[in-house]
$ cat start-v4.txt   # compact mmCIF, N, CA and C atoms
# COMPACT_ATOMS: atom_id res chain seq x y z
N MET A 1 107.32 136.89 79.97
CA MET A 1 106.32 136.53 80.95
C MET A 1 105.92 137.81 81.70
N GLN A 2 104.64 138.03 81.81
CA GLN A 2 104.15 139.20 82.53
C GLN A 2 103.63 138.76 83.89
N CYS A 3 104.46 138.93 84.89
CA CYS A 3 104.10 138.58 86.27
C CYS A 3 104.72 139.61 87.18
N ASN A 4 104.14 139.74 88.36
CA ASN A 4 104.72 140.65 89.33
C ASN A 4 106.05 140.10 89.85
N PRO A 5 107.05 140.95 89.95
CA PRO A 5 108.31 140.50 90.56
C PRO A 5 108.16 140.46 92.08
N TYR A 6 109.18 139.99 92.75
CA TYR A 6 109.25 139.98 94.21
C TYR A 6 108.16 139.13 94.87
N LYS A 7 107.95 137.95 94.32
CA LYS A 7 107.03 136.98 94.92
C LYS A 7 107.85 135.86 95.56
N ASP A 8 107.21 134.98 96.32
CA ASP A 8 107.91 133.95 97.10
C ASP A 8 109.01 133.22 96.32
N PHE A 9 108.68 132.73 95.15
CA PHE A 9 109.63 131.95 94.36
C PHE A 9 110.03 132.68 93.08
N GLY A 10 109.87 133.97 93.07
CA GLY A 10 110.27 134.78 91.92
C GLY A 10 109.10 135.07 90.99
N GLN A 11 109.44 135.65 89.89
CA GLN A 11 108.45 136.03 88.89
C GLN A 11 107.97 134.75 88.20
N ALA A 12 106.69 134.42 88.39
CA ALA A 12 106.19 133.12 87.93
C ALA A 12 104.67 133.12 87.87
N PHE A 13 104.14 132.03 87.34
CA PHE A 13 102.70 131.77 87.33
C PHE A 13 102.45 130.78 88.47
N TYR A 14 101.68 131.21 89.48
CA TYR A 14 101.51 130.43 90.71
C TYR A 14 100.21 129.64 90.70
N LEU A 15 100.31 128.40 91.19
CA LEU A 15 99.16 127.50 91.29
C LEU A 15 99.18 126.79 92.64
N THR A 16 98.02 126.33 93.06
CA THR A 16 97.91 125.52 94.26
C THR A 16 96.94 124.38 93.99
N THR A 17 97.08 123.31 94.74
CA THR A 17 96.12 122.21 94.65
C THR A 17 94.98 122.40 95.64
N GLU A 18 95.08 123.44 96.47
CA GLU A 18 94.08 123.71 97.51
C GLU A 18 93.04 124.71 97.00
N LYS A 19 91.83 124.24 96.75
CA LYS A 19 90.77 125.11 96.22
C LYS A 19 90.47 126.28 97.16
N ASN A 20 90.45 126.03 98.47
CA ASN A 20 90.18 127.12 99.43
C ASN A 20 91.25 128.19 99.37
N GLN A 21 92.52 127.78 99.23
CA GLN A 21 93.61 128.74 99.10
C GLN A 21 93.44 129.58 97.83
N ALA A 22 93.09 128.92 96.73
CA ALA A 22 92.88 129.64 95.47
C ALA A 22 91.74 130.65 95.61
N MET A 23 90.68 130.26 96.28
CA MET A 23 89.55 131.18 96.48
C MET A 23 89.93 132.34 97.37
N ASP A 24 90.69 132.08 98.42
CA ASP A 24 91.16 133.16 99.30
C ASP A 24 91.97 134.19 98.51
N ILE A 25 92.85 133.72 97.66
CA ILE A 25 93.67 134.62 96.85
C ILE A 25 92.81 135.38 95.84
N ALA A 26 91.88 134.68 95.20
CA ALA A 26 90.99 135.34 94.24
C ALA A 26 90.17 136.42 94.92
N ASN A 27 89.65 136.12 96.11
CA ASN A 27 88.86 137.12 96.85
C ASN A 27 89.71 138.31 97.28
N ALA A 28 90.95 138.05 97.66
CA ALA A 28 91.85 139.14 98.05
C ALA A 28 92.11 140.06 96.86
N ARG A 29 92.28 139.49 95.68
CA ARG A 29 92.50 140.30 94.47
C ARG A 29 91.25 141.13 94.14
N VAL A 30 90.08 140.55 94.33
CA VAL A 30 88.83 141.28 94.10
C VAL A 30 88.72 142.44 95.09
N ASP A 31 89.11 142.23 96.33
CA ASP A 31 89.08 143.30 97.33
C ASP A 31 89.96 144.48 96.89
N ILE A 32 91.07 144.18 96.23
CA ILE A 32 91.99 145.23 95.80
C ILE A 32 91.53 145.88 94.49
N PHE A 33 91.17 145.06 93.51
CA PHE A 33 90.91 145.56 92.16
C PHE A 33 89.45 145.56 91.74
N GLY A 34 88.57 144.95 92.54
CA GLY A 34 87.18 144.85 92.16
C GLY A 34 86.95 143.67 91.23
N GLY A 35 85.72 143.51 90.79
CA GLY A 35 85.39 142.44 89.88
C GLY A 35 84.83 141.23 90.59
N LYS A 36 84.99 140.08 89.96
CA LYS A 36 84.44 138.82 90.45
C LYS A 36 85.57 137.80 90.58
N PRO A 37 85.60 137.03 91.68
CA PRO A 37 86.67 136.04 91.81
C PRO A 37 86.54 134.92 90.77
N VAL A 38 87.66 134.54 90.19
CA VAL A 38 87.69 133.47 89.19
C VAL A 38 88.82 132.52 89.56
N ILE A 39 88.54 131.23 89.50
CA ILE A 39 89.56 130.21 89.71
C ILE A 39 89.70 129.43 88.41
N ASN A 40 90.90 129.39 87.88
CA ASN A 40 91.20 128.60 86.70
C ASN A 40 91.80 127.27 87.14
N THR A 41 91.45 126.21 86.44
CA THR A 41 91.92 124.87 86.78
C THR A 41 92.76 124.34 85.63
N PHE A 42 93.88 123.71 86.00
CA PHE A 42 94.80 123.18 85.00
C PHE A 42 95.17 121.74 85.33
N CYS A 43 95.57 121.02 84.31
CA CYS A 43 96.10 119.68 84.45
C CYS A 43 97.59 119.74 84.08
N PHE A 44 98.39 118.98 84.80
CA PHE A 44 99.84 118.99 84.56
C PHE A 44 100.39 117.59 84.74
N ASP A 45 101.17 117.13 83.81
CA ASP A 45 101.81 115.82 83.88
C ASP A 45 103.05 115.95 84.75
N ASP A 46 102.95 115.52 86.03
CA ASP A 46 104.06 115.72 86.95
C ASP A 46 105.26 114.82 86.67
N THR A 47 105.14 113.87 85.76
CA THR A 47 106.32 113.09 85.38
C THR A 47 107.33 113.95 84.64
N LEU A 48 106.90 115.10 84.12
CA LEU A 48 107.82 116.04 83.46
C LEU A 48 108.84 116.60 84.44
N LEU A 49 108.52 116.51 85.74
CA LEU A 49 109.42 117.02 86.77
C LEU A 49 110.46 115.98 87.19
N THR A 50 110.25 114.75 86.81
CA THR A 50 111.18 113.69 87.20
C THR A 50 111.90 113.05 86.02
N ASN A 51 111.44 113.30 84.81
CA ASN A 51 112.06 112.65 83.65
C ASN A 51 113.07 113.55 82.93
N GLY A 52 113.39 114.70 83.51
CA GLY A 52 114.40 115.57 82.93
C GLY A 52 113.86 116.61 81.94
N THR A 53 112.55 116.60 81.70
CA THR A 53 111.97 117.57 80.78
C THR A 53 112.01 118.97 81.37
N LEU A 54 111.65 119.08 82.65
CA LEU A 54 111.65 120.37 83.37
C LEU A 54 112.50 120.25 84.63
N THR A 55 113.12 121.35 85.01
CA THR A 55 113.90 121.35 86.25
C THR A 55 113.01 121.79 87.41
N LEU A 56 113.18 121.15 88.55
CA LEU A 56 112.35 121.38 89.72
C LEU A 56 113.20 121.74 90.92
N LYS A 57 112.76 122.75 91.66
CA LYS A 57 113.30 123.04 92.99
C LYS A 57 112.19 122.71 93.96
N LEU A 58 112.45 121.79 94.88
CA LEU A 58 111.45 121.28 95.79
C LEU A 58 111.79 121.65 97.23
N PHE A 59 110.82 122.25 97.91
CA PHE A 59 110.91 122.51 99.34
C PHE A 59 109.76 121.74 99.98
N ASP A 60 110.09 120.73 100.79
CA ASP A 60 109.03 119.90 101.34
C ASP A 60 108.54 120.38 102.71
N GLY A 61 109.02 121.55 103.15
CA GLY A 61 108.56 122.11 104.41
C GLY A 61 109.24 123.44 104.68
N TYR A 62 108.97 123.97 105.86
CA TYR A 62 109.56 125.23 106.27
C TYR A 62 111.00 124.98 106.71
N THR A 63 111.95 125.29 105.86
CA THR A 63 113.36 125.07 106.16
C THR A 63 114.11 126.39 106.03
N GLU A 64 115.33 126.42 106.53
CA GLU A 64 116.15 127.62 106.36
C GLU A 64 116.43 127.89 104.89
N GLU A 65 116.64 126.83 104.12
CA GLU A 65 116.87 127.00 102.68
C GLU A 65 115.66 127.65 102.02
N TRP A 66 114.46 127.22 102.40
CA TRP A 66 113.22 127.81 101.89
C TRP A 66 113.15 129.29 102.26
N ALA A 67 113.44 129.63 103.53
CA ALA A 67 113.40 131.02 103.98
C ALA A 67 114.41 131.87 103.22
N ASP A 68 115.61 131.34 103.00
CA ASP A 68 116.63 132.07 102.25
C ASP A 68 116.18 132.32 100.81
N PHE A 69 115.55 131.31 100.22
CA PHE A 69 115.06 131.42 98.84
C PHE A 69 114.00 132.52 98.74
N ILE A 70 113.08 132.54 99.68
CA ILE A 70 112.04 133.58 99.71
C ILE A 70 112.66 134.95 99.94
N TYR A 71 113.60 135.01 100.86
CA TYR A 71 114.28 136.29 101.14
C TYR A 71 114.88 136.87 99.86
N LEU A 72 115.60 136.04 99.11
CA LEU A 72 116.22 136.51 97.86
C LEU A 72 115.19 137.05 96.87
N HIS A 73 114.05 136.35 96.77
CA HIS A 73 113.04 136.73 95.78
C HIS A 73 112.13 137.87 96.22
N ARG A 74 111.97 138.04 97.53
CA ARG A 74 111.08 139.08 98.05
C ARG A 74 111.78 140.38 98.41
N ASP A 75 113.10 140.37 98.44
CA ASP A 75 113.86 141.56 98.86
C ASP A 75 113.85 142.60 97.75
N GLU A 76 113.05 143.64 97.93
CA GLU A 76 112.88 144.67 96.90
C GLU A 76 114.07 145.61 96.79
N THR A 77 115.09 145.43 97.63
CA THR A 77 116.31 146.23 97.47
C THR A 77 117.24 145.62 96.42
N ILE A 78 116.95 144.39 95.99
CA ILE A 78 117.75 143.74 94.95
C ILE A 78 117.21 144.17 93.60
N MET A 79 118.05 144.86 92.83
CA MET A 79 117.64 145.36 91.51
C MET A 79 118.61 144.85 90.46
N PRO A 80 118.15 144.26 89.38
CA PRO A 80 116.78 143.79 89.16
C PRO A 80 116.45 142.64 90.11
N PRO A 81 115.18 142.26 90.17
CA PRO A 81 114.80 141.18 91.09
C PRO A 81 115.61 139.92 90.83
N TYR A 82 115.97 139.24 91.90
CA TYR A 82 116.69 137.97 91.77
C TYR A 82 115.80 136.96 91.07
N GLN A 83 116.36 136.20 90.14
CA GLN A 83 115.60 135.15 89.47
C GLN A 83 116.48 133.92 89.33
N HIS A 84 115.98 132.80 89.78
CA HIS A 84 116.67 131.51 89.68
C HIS A 84 116.48 130.93 88.28
N SER A 85 117.02 129.74 88.03
CA SER A 85 116.94 129.13 86.70
C SER A 85 116.04 127.89 86.65
N PHE A 86 115.26 127.62 87.70
CA PHE A 86 114.38 126.44 87.71
C PHE A 86 113.14 126.70 86.86
N ASP A 87 112.64 125.63 86.23
CA ASP A 87 111.38 125.73 85.48
C ASP A 87 110.19 125.80 86.43
N VAL A 88 110.23 124.98 87.49
CA VAL A 88 109.13 124.90 88.45
C VAL A 88 109.72 124.87 89.86
N VAL A 89 109.07 125.59 90.77
CA VAL A 89 109.41 125.53 92.18
C VAL A 89 108.15 125.12 92.92
N TYR A 90 108.33 124.20 93.88
CA TYR A 90 107.22 123.72 94.69
C TYR A 90 107.61 123.84 96.16
N GLY A 91 106.74 124.45 96.95
CA GLY A 91 107.03 124.57 98.37
C GLY A 91 105.94 125.30 99.11
N PRO A 92 106.12 125.46 100.43
CA PRO A 92 105.10 126.11 101.25
C PRO A 92 104.87 127.58 100.88
N ILE A 93 103.65 128.00 101.08
CA ILE A 93 103.28 129.40 100.93
C ILE A 93 103.76 130.13 102.19
N ALA A 94 104.31 131.32 102.00
CA ALA A 94 104.78 132.13 103.13
C ALA A 94 103.64 133.01 103.67
N ASN A 95 103.85 133.48 104.87
CA ASN A 95 102.96 134.43 105.53
C ASN A 95 102.74 135.64 104.62
N ASP A 96 101.56 136.22 104.68
CA ASP A 96 101.24 137.38 103.85
C ASP A 96 102.05 138.62 104.21
N ARG A 97 102.70 138.63 105.36
CA ARG A 97 103.45 139.81 105.80
C ARG A 97 104.96 139.61 105.61
N VAL A 98 105.34 139.01 104.49
CA VAL A 98 106.74 138.71 104.22
C VAL A 98 107.59 139.97 104.20
N GLY A 99 107.11 141.02 103.58
CA GLY A 99 107.88 142.26 103.47
C GLY A 99 108.29 142.80 104.83
N LEU A 100 107.38 142.78 105.77
CA LEU A 100 107.67 143.25 107.12
C LEU A 100 108.75 142.37 107.77
N GLN A 101 108.64 141.07 107.58
CA GLN A 101 109.61 140.15 108.19
C GLN A 101 110.99 140.31 107.56
N ILE A 102 111.05 140.56 106.27
CA ILE A 102 112.33 140.80 105.60
C ILE A 102 112.99 142.05 106.16
N ARG A 103 112.21 143.12 106.33
CA ARG A 103 112.77 144.35 106.92
C ARG A 103 113.29 144.10 108.33
N ASN A 104 112.51 143.38 109.14
CA ASN A 104 112.94 143.07 110.50
C ASN A 104 114.23 142.27 110.52
N TYR A 105 114.34 141.30 109.63
CA TYR A 105 115.53 140.45 109.56
C TYR A 105 116.74 141.26 109.08
N ARG A 106 116.55 142.04 108.02
CA ARG A 106 117.64 142.85 107.46
C ARG A 106 118.16 143.86 108.48
N MET A 107 117.26 144.44 109.28
CA MET A 107 117.65 145.45 110.26
C MET A 107 118.20 144.84 111.55
N GLY A 108 118.17 143.51 111.66
CA GLY A 108 118.68 142.86 112.85
C GLY A 108 117.70 142.81 114.01
N ASN A 109 116.44 143.13 113.75
CA ASN A 109 115.43 143.09 114.81
C ASN A 109 115.04 141.66 115.19
N ILE A 110 115.22 140.73 114.26
CA ILE A 110 114.95 139.31 114.52
C ILE A 110 116.11 138.50 113.96
N ASP A 111 116.35 137.34 114.56
CA ASP A 111 117.40 136.47 114.04
C ASP A 111 116.82 135.52 112.99
N ARG A 112 117.69 134.70 112.42
CA ARG A 112 117.28 133.80 111.33
C ARG A 112 116.20 132.82 111.78
N LYS A 113 116.34 132.28 112.99
CA LYS A 113 115.35 131.33 113.50
C LYS A 113 113.97 131.99 113.63
N GLU A 114 113.93 133.21 114.15
CA GLU A 114 112.67 133.93 114.30
C GLU A 114 112.12 134.33 112.93
N PHE A 115 113.01 134.68 112.00
CA PHE A 115 112.59 135.01 110.63
C PHE A 115 111.86 133.81 110.02
N LEU A 116 112.44 132.63 110.15
CA LEU A 116 111.82 131.42 109.62
C LEU A 116 110.47 131.18 110.29
N ARG A 117 110.40 131.34 111.60
CA ARG A 117 109.13 131.13 112.32
C ARG A 117 108.05 132.08 111.82
N ARG A 118 108.40 133.34 111.63
CA ARG A 118 107.42 134.35 111.21
C ARG A 118 107.00 134.23 109.76
N LEU A 119 107.78 133.53 108.94
CA LEU A 119 107.40 133.33 107.54
C LEU A 119 106.32 132.27 107.37
N ARG A 120 106.12 131.45 108.37
CA ARG A 120 105.14 130.38 108.25
C ARG A 120 103.74 130.95 108.05
N TYR A 121 103.00 130.32 107.16
CA TYR A 121 101.65 130.76 106.83
C TYR A 121 100.74 130.57 108.03
N MET A 122 100.02 131.61 108.42
CA MET A 122 99.22 131.61 109.64
C MET A 122 98.06 130.61 109.62
N LYS A 123 97.57 130.26 108.44
CA LYS A 123 96.42 129.37 108.35
C LYS A 123 96.83 127.90 108.27
N GLY A 124 98.09 127.61 108.51
CA GLY A 124 98.57 126.24 108.40
C GLY A 124 99.33 126.06 107.10
N ILE A 125 100.11 125.01 107.02
CA ILE A 125 100.96 124.81 105.85
C ILE A 125 100.13 124.44 104.62
N THR A 126 100.31 125.20 103.59
CA THR A 126 99.75 124.89 102.27
C THR A 126 100.87 125.11 101.26
N PHE A 127 100.81 124.38 100.18
CA PHE A 127 101.89 124.40 99.20
C PHE A 127 101.45 125.09 97.92
N GLN A 128 102.45 125.59 97.20
CA GLN A 128 102.21 126.25 95.92
C GLN A 128 103.21 125.77 94.89
N TYR A 129 102.80 125.85 93.64
CA TYR A 129 103.67 125.63 92.50
C TYR A 129 103.93 126.98 91.87
N ALA A 130 105.16 127.21 91.48
CA ALA A 130 105.50 128.40 90.69
C ALA A 130 106.04 127.90 89.35
N PHE A 131 105.34 128.19 88.30
CA PHE A 131 105.79 127.86 86.95
C PHE A 131 106.56 129.08 86.46
N CYS A 132 107.88 128.93 86.40
CA CYS A 132 108.78 130.07 86.29
C CYS A 132 109.30 130.35 84.89
N THR A 133 109.05 129.46 83.95
CA THR A 133 109.52 129.66 82.58
C THR A 133 108.37 129.44 81.61
N GLU A 134 108.51 130.03 80.45
CA GLU A 134 107.51 129.82 79.40
C GLU A 134 107.41 128.33 79.07
N ARG A 135 108.57 127.66 79.07
CA ARG A 135 108.61 126.23 78.77
C ARG A 135 107.73 125.45 79.75
N ALA A 136 107.77 125.80 81.02
CA ALA A 136 106.95 125.13 82.03
C ALA A 136 105.47 125.49 81.88
N ILE A 137 105.19 126.75 81.67
CA ILE A 137 103.81 127.21 81.53
C ILE A 137 103.13 126.54 80.34
N GLU A 138 103.88 126.32 79.28
CA GLU A 138 103.32 125.66 78.08
C GLU A 138 102.84 124.23 78.37
N LYS A 139 103.32 123.64 79.44
CA LYS A 139 102.94 122.26 79.78
C LYS A 139 101.63 122.19 80.55
N LEU A 140 101.09 123.33 80.97
CA LEU A 140 99.80 123.36 81.67
C LEU A 140 98.66 123.23 80.66
N GLN A 141 97.71 122.38 80.98
CA GLN A 141 96.55 122.16 80.12
C GLN A 141 95.29 122.64 80.85
N PRO A 142 94.60 123.67 80.32
CA PRO A 142 93.36 124.12 80.97
C PRO A 142 92.32 123.01 80.99
N LEU A 143 91.58 122.93 82.09
CA LEU A 143 90.48 121.94 82.19
C LEU A 143 89.16 122.59 81.87
$ encode --input "start-v4.txt" --output "structure tokens"
Amino acid sequence: MQCNPYKDFGQAFYLTTEKNQAMDIANARVDIFGGKPVINTFCFDDTLLTNGTLTLKLFDGYTEEWADFIYLHRDETIMPPYQHSFDVVYGPIANDRVGLQIRNYRMGNIDRKEFLRRLRYMKGITFQYAFCTERAIEKLQPL
């Protein structure tokens, strides 16, 4: 799988059900690399997450477990990058300034409660899917 390491839920193919969120990310990538924003749409049979076909890690909100999970995956001092064994992870999107918050937390400038507060996405809670294995990605059907 060719994906950037050190992302919220690890090296994965990320999707959202929020069209505005997808457009924001596409526009941000265009600002960095140029080109034209593109949004790809996929269909996924979510019963695969409950019938034992794929393993799921679910975060239904901003929790300490969620913050710890992001910390493990975003901490660039961990070599090689930490990678879990779930096929799909679903949970809130973190603040765009995660790296800064990880440094602050690691250096003791903020405590765990403040770390969790600062990880919250500034535009309100939105969720993302991370398809973390080839097996999971193969289940996506382009529309």
$ residues_around --input "start-v4.txt" --residues "stretch 64-72 of chain A" --least-positions-apart "3" --cutoff "6 Å" --atoms "all atoms listed in the file" --output "VMD selection string"
chain A and resid 8 to 9 75 82 116
$ atom_distance --input "start-v4.txt" --atom1 "atom N of A:Tyr105" --atom2 "atom C of A:Tyr121"
17.4 Å
$ residues_around --input "start-v4.txt" --residues "A:Tyr14" --least-positions-apart "6" --cutoff "6.5 Å" --atoms "all atoms listed in the file" --output "CSV table (one decimal) with N, CA and C atoms, in the coordinates of the input"
chain,number,residue,atom,x,y,z
A,128,GLN,N,102.4,125.6,97.2
A,128,GLN,CA,102.2,126.2,95.9
A,128,GLN,C,103.2,125.8,94.9
A,129,TYR,N,102.8,125.8,93.6
A,129,TYR,CA,103.7,125.6,92.5
A,129,TYR,C,103.9,127.0,91.9
A,130,ALA,N,105.2,127.2,91.5
A,130,ALA,CA,105.5,128.4,90.7
A,130,ALA,C,106.0,127.9,89.4
A,131,PHE,N,105.3,128.2,88.3
A,131,PHE,CA,105.8,127.9,87.0
A,131,PHE,C,106.6,129.1,86.5
$ atom_distance --input "start-v4.txt" --atom1 "atom CA of A:Met107" --atom2 "atom CA of A:Lys7"
20.5 Å
$ residues_around --input "start-v4.txt" --residues "A:Ile39" --least-positions-apart "2" --cutoff "8 Å" --atoms "all atoms listed in the file" --output "list in words"
Ala22, Met23, Ala26, Lys36, Pro37, Thr41 and Phe42 of chain A
$ write_last_selection --input "start-v4.txt" --atoms "N, CA and C atoms" --output "PDB file, in the frame of the given file"
ATOM      1  N   ALA A  22      93.090 128.920  96.730  1.00  0.00           N
ATOM      2  CA  ALA A  22      92.880 129.640  95.470  1.00  0.00           C
ATOM      3  C   ALA A  22      91.740 130.650  95.610  1.00  0.00           C
ATOM      4  N   MET A  23      90.680 130.260  96.280  1.00  0.00           N
ATOM      5  CA  MET A  23      89.550 131.180  96.480  1.00  0.00           C
ATOM      6  C   MET A  23      89.930 132.340  97.370  1.00  0.00           C
ATOM      7  N   ALA A  26      91.880 134.680  95.200  1.00  0.00           N
ATOM      8  CA  ALA A  26      90.990 135.340  94.240  1.00  0.00           C
ATOM      9  C   ALA A  26      90.170 136.420  94.920  1.00  0.00           C
ATOM     10  N   LYS A  36      84.990 140.080  89.960  1.00  0.00           N
ATOM     11  CA  LYS A  36      84.440 138.820  90.450  1.00  0.00           C
ATOM     12  C   LYS A  36      85.570 137.800  90.580  1.00  0.00           C
ATOM     13  N   PRO A  37      85.600 137.030  91.680  1.00  0.00           N
ATOM     14  CA  PRO A  37      86.670 136.040  91.810  1.00  0.00           C
ATOM     15  C   PRO A  37      86.540 134.920  90.770  1.00  0.00           C
ATOM     16  N   THR A  41      91.450 126.210  86.440  1.00  0.00           N
ATOM     17  CA  THR A  41      91.920 124.870  86.780  1.00  0.00           C
ATOM     18  C   THR A  41      92.760 124.340  85.630  1.00  0.00           C
ATOM     19  N   PHE A  42      93.880 123.710  86.000  1.00  0.00           N
ATOM     20  CA  PHE A  42      94.800 123.180  85.000  1.00  0.00           C
ATOM     21  C   PHE A  42      95.170 121.740  85.330  1.00  0.00           C
TER      22      PHE A  42
END
$ atom_distance --input "start-v4.txt" --atom1 "atom CA of A:Arg117" --atom2 "atom N of A:Ile93"
12.9 Å
$ closest_residue --input "start-v4.txt" --among "A:Thr126, A:Asn109, A:Asn4, A:Thr63" --to "A:Gln21" --atoms "only N, CA and C atoms"
A:Thr126
$ select_by_dssp --input "start-v4.txt" --residues "stretch 2-131 of chain A" --states "strand (DSSP E or B)" --output "ChimeraX atom specification"
/A:13-15,42-43,56-58,88-92,94,120,127-131
$ residues_around --input "start-v4.txt" --residues "A:Glu76" --least-positions-apart "5" --cutoff "9 Å" --atoms "only C-alpha atoms" --output "NGL selection string"
:A and (5-6 or 81 or 99)
$ residues_near_point --input "start-v4.txt" --point "(111.0, 133.4, 89.8)" --cutoff "6.5 Å" --atoms "all atoms listed in the file" --output "VMD selection string"
chain A and resid 9 to 12 82 to 84 132
$ residues_around --input "start-v4.txt" --residues "A:Phe86" --least-positions-apart "5" --cutoff "6 Å" --atoms "all atoms listed in the file" --output "PDB file with N, CA and C atoms, keeping the file's coordinate frame"
ATOM      1  N   THR A  55     113.120 121.350  85.010  1.00  0.00           N
ATOM      2  CA  THR A  55     113.900 121.350  86.250  1.00  0.00           C
ATOM      3  C   THR A  55     113.010 121.790  87.410  1.00  0.00           C
ATOM      4  N   LEU A  56     113.180 121.150  88.550  1.00  0.00           N
ATOM      5  CA  LEU A  56     112.350 121.380  89.720  1.00  0.00           C
ATOM      6  C   LEU A  56     113.200 121.740  90.920  1.00  0.00           C
ATOM      7  N   LYS A  57     112.760 122.750  91.660  1.00  0.00           N
ATOM      8  CA  LYS A  57     113.300 123.040  92.990  1.00  0.00           C
ATOM      9  C   LYS A  57     112.190 122.710  93.960  1.00  0.00           C
ATOM     10  N   CYS A 132     107.880 128.930  86.400  1.00  0.00           N
ATOM     11  CA  CYS A 132     108.780 130.070  86.290  1.00  0.00           C
ATOM     12  C   CYS A 132     109.300 130.350  84.890  1.00  0.00           C
ATOM     13  N   THR A 133     109.050 129.460  83.950  1.00  0.00           N
ATOM     14  CA  THR A 133     109.520 129.660  82.580  1.00  0.00           C
ATOM     15  C   THR A 133     108.370 129.440  81.610  1.00  0.00           C
TER      16      THR A 133
END
$ select_by_dssp --input "start-v4.txt" --residues "stretch 13-101 of chain A" --states "helix (DSSP H, G or I)" --output "JSON, numbers by chain"
{"A": [19, 20, 21, 22, 23, 24, 25, 26, 27, 28, 29, 30, 31, 32, 33, 46, 47, 48, 49, 64, 65, 66, 67, 68, 69, 70, 71, 72, 73, 74, 98, 99, 100, 101]}
$ axis_aligned_box --input "start-v4.txt" --around "stretch 11-20 of chain A" --padding-each-side "4 Å" --output "JSON"
{"center_x": 99.8, "center_y": 129.1, "center_z": 93.4, "size_x": 27.3, "size_y": 21.8, "size_z": 20.1}
$ closest_residue --input "start-v4.txt" --among "A:Asp60, A:Cys3, A:Asn27, A:Lys113" --to "A:Glu134" --atoms "only C-alpha atoms"
A:Cys3
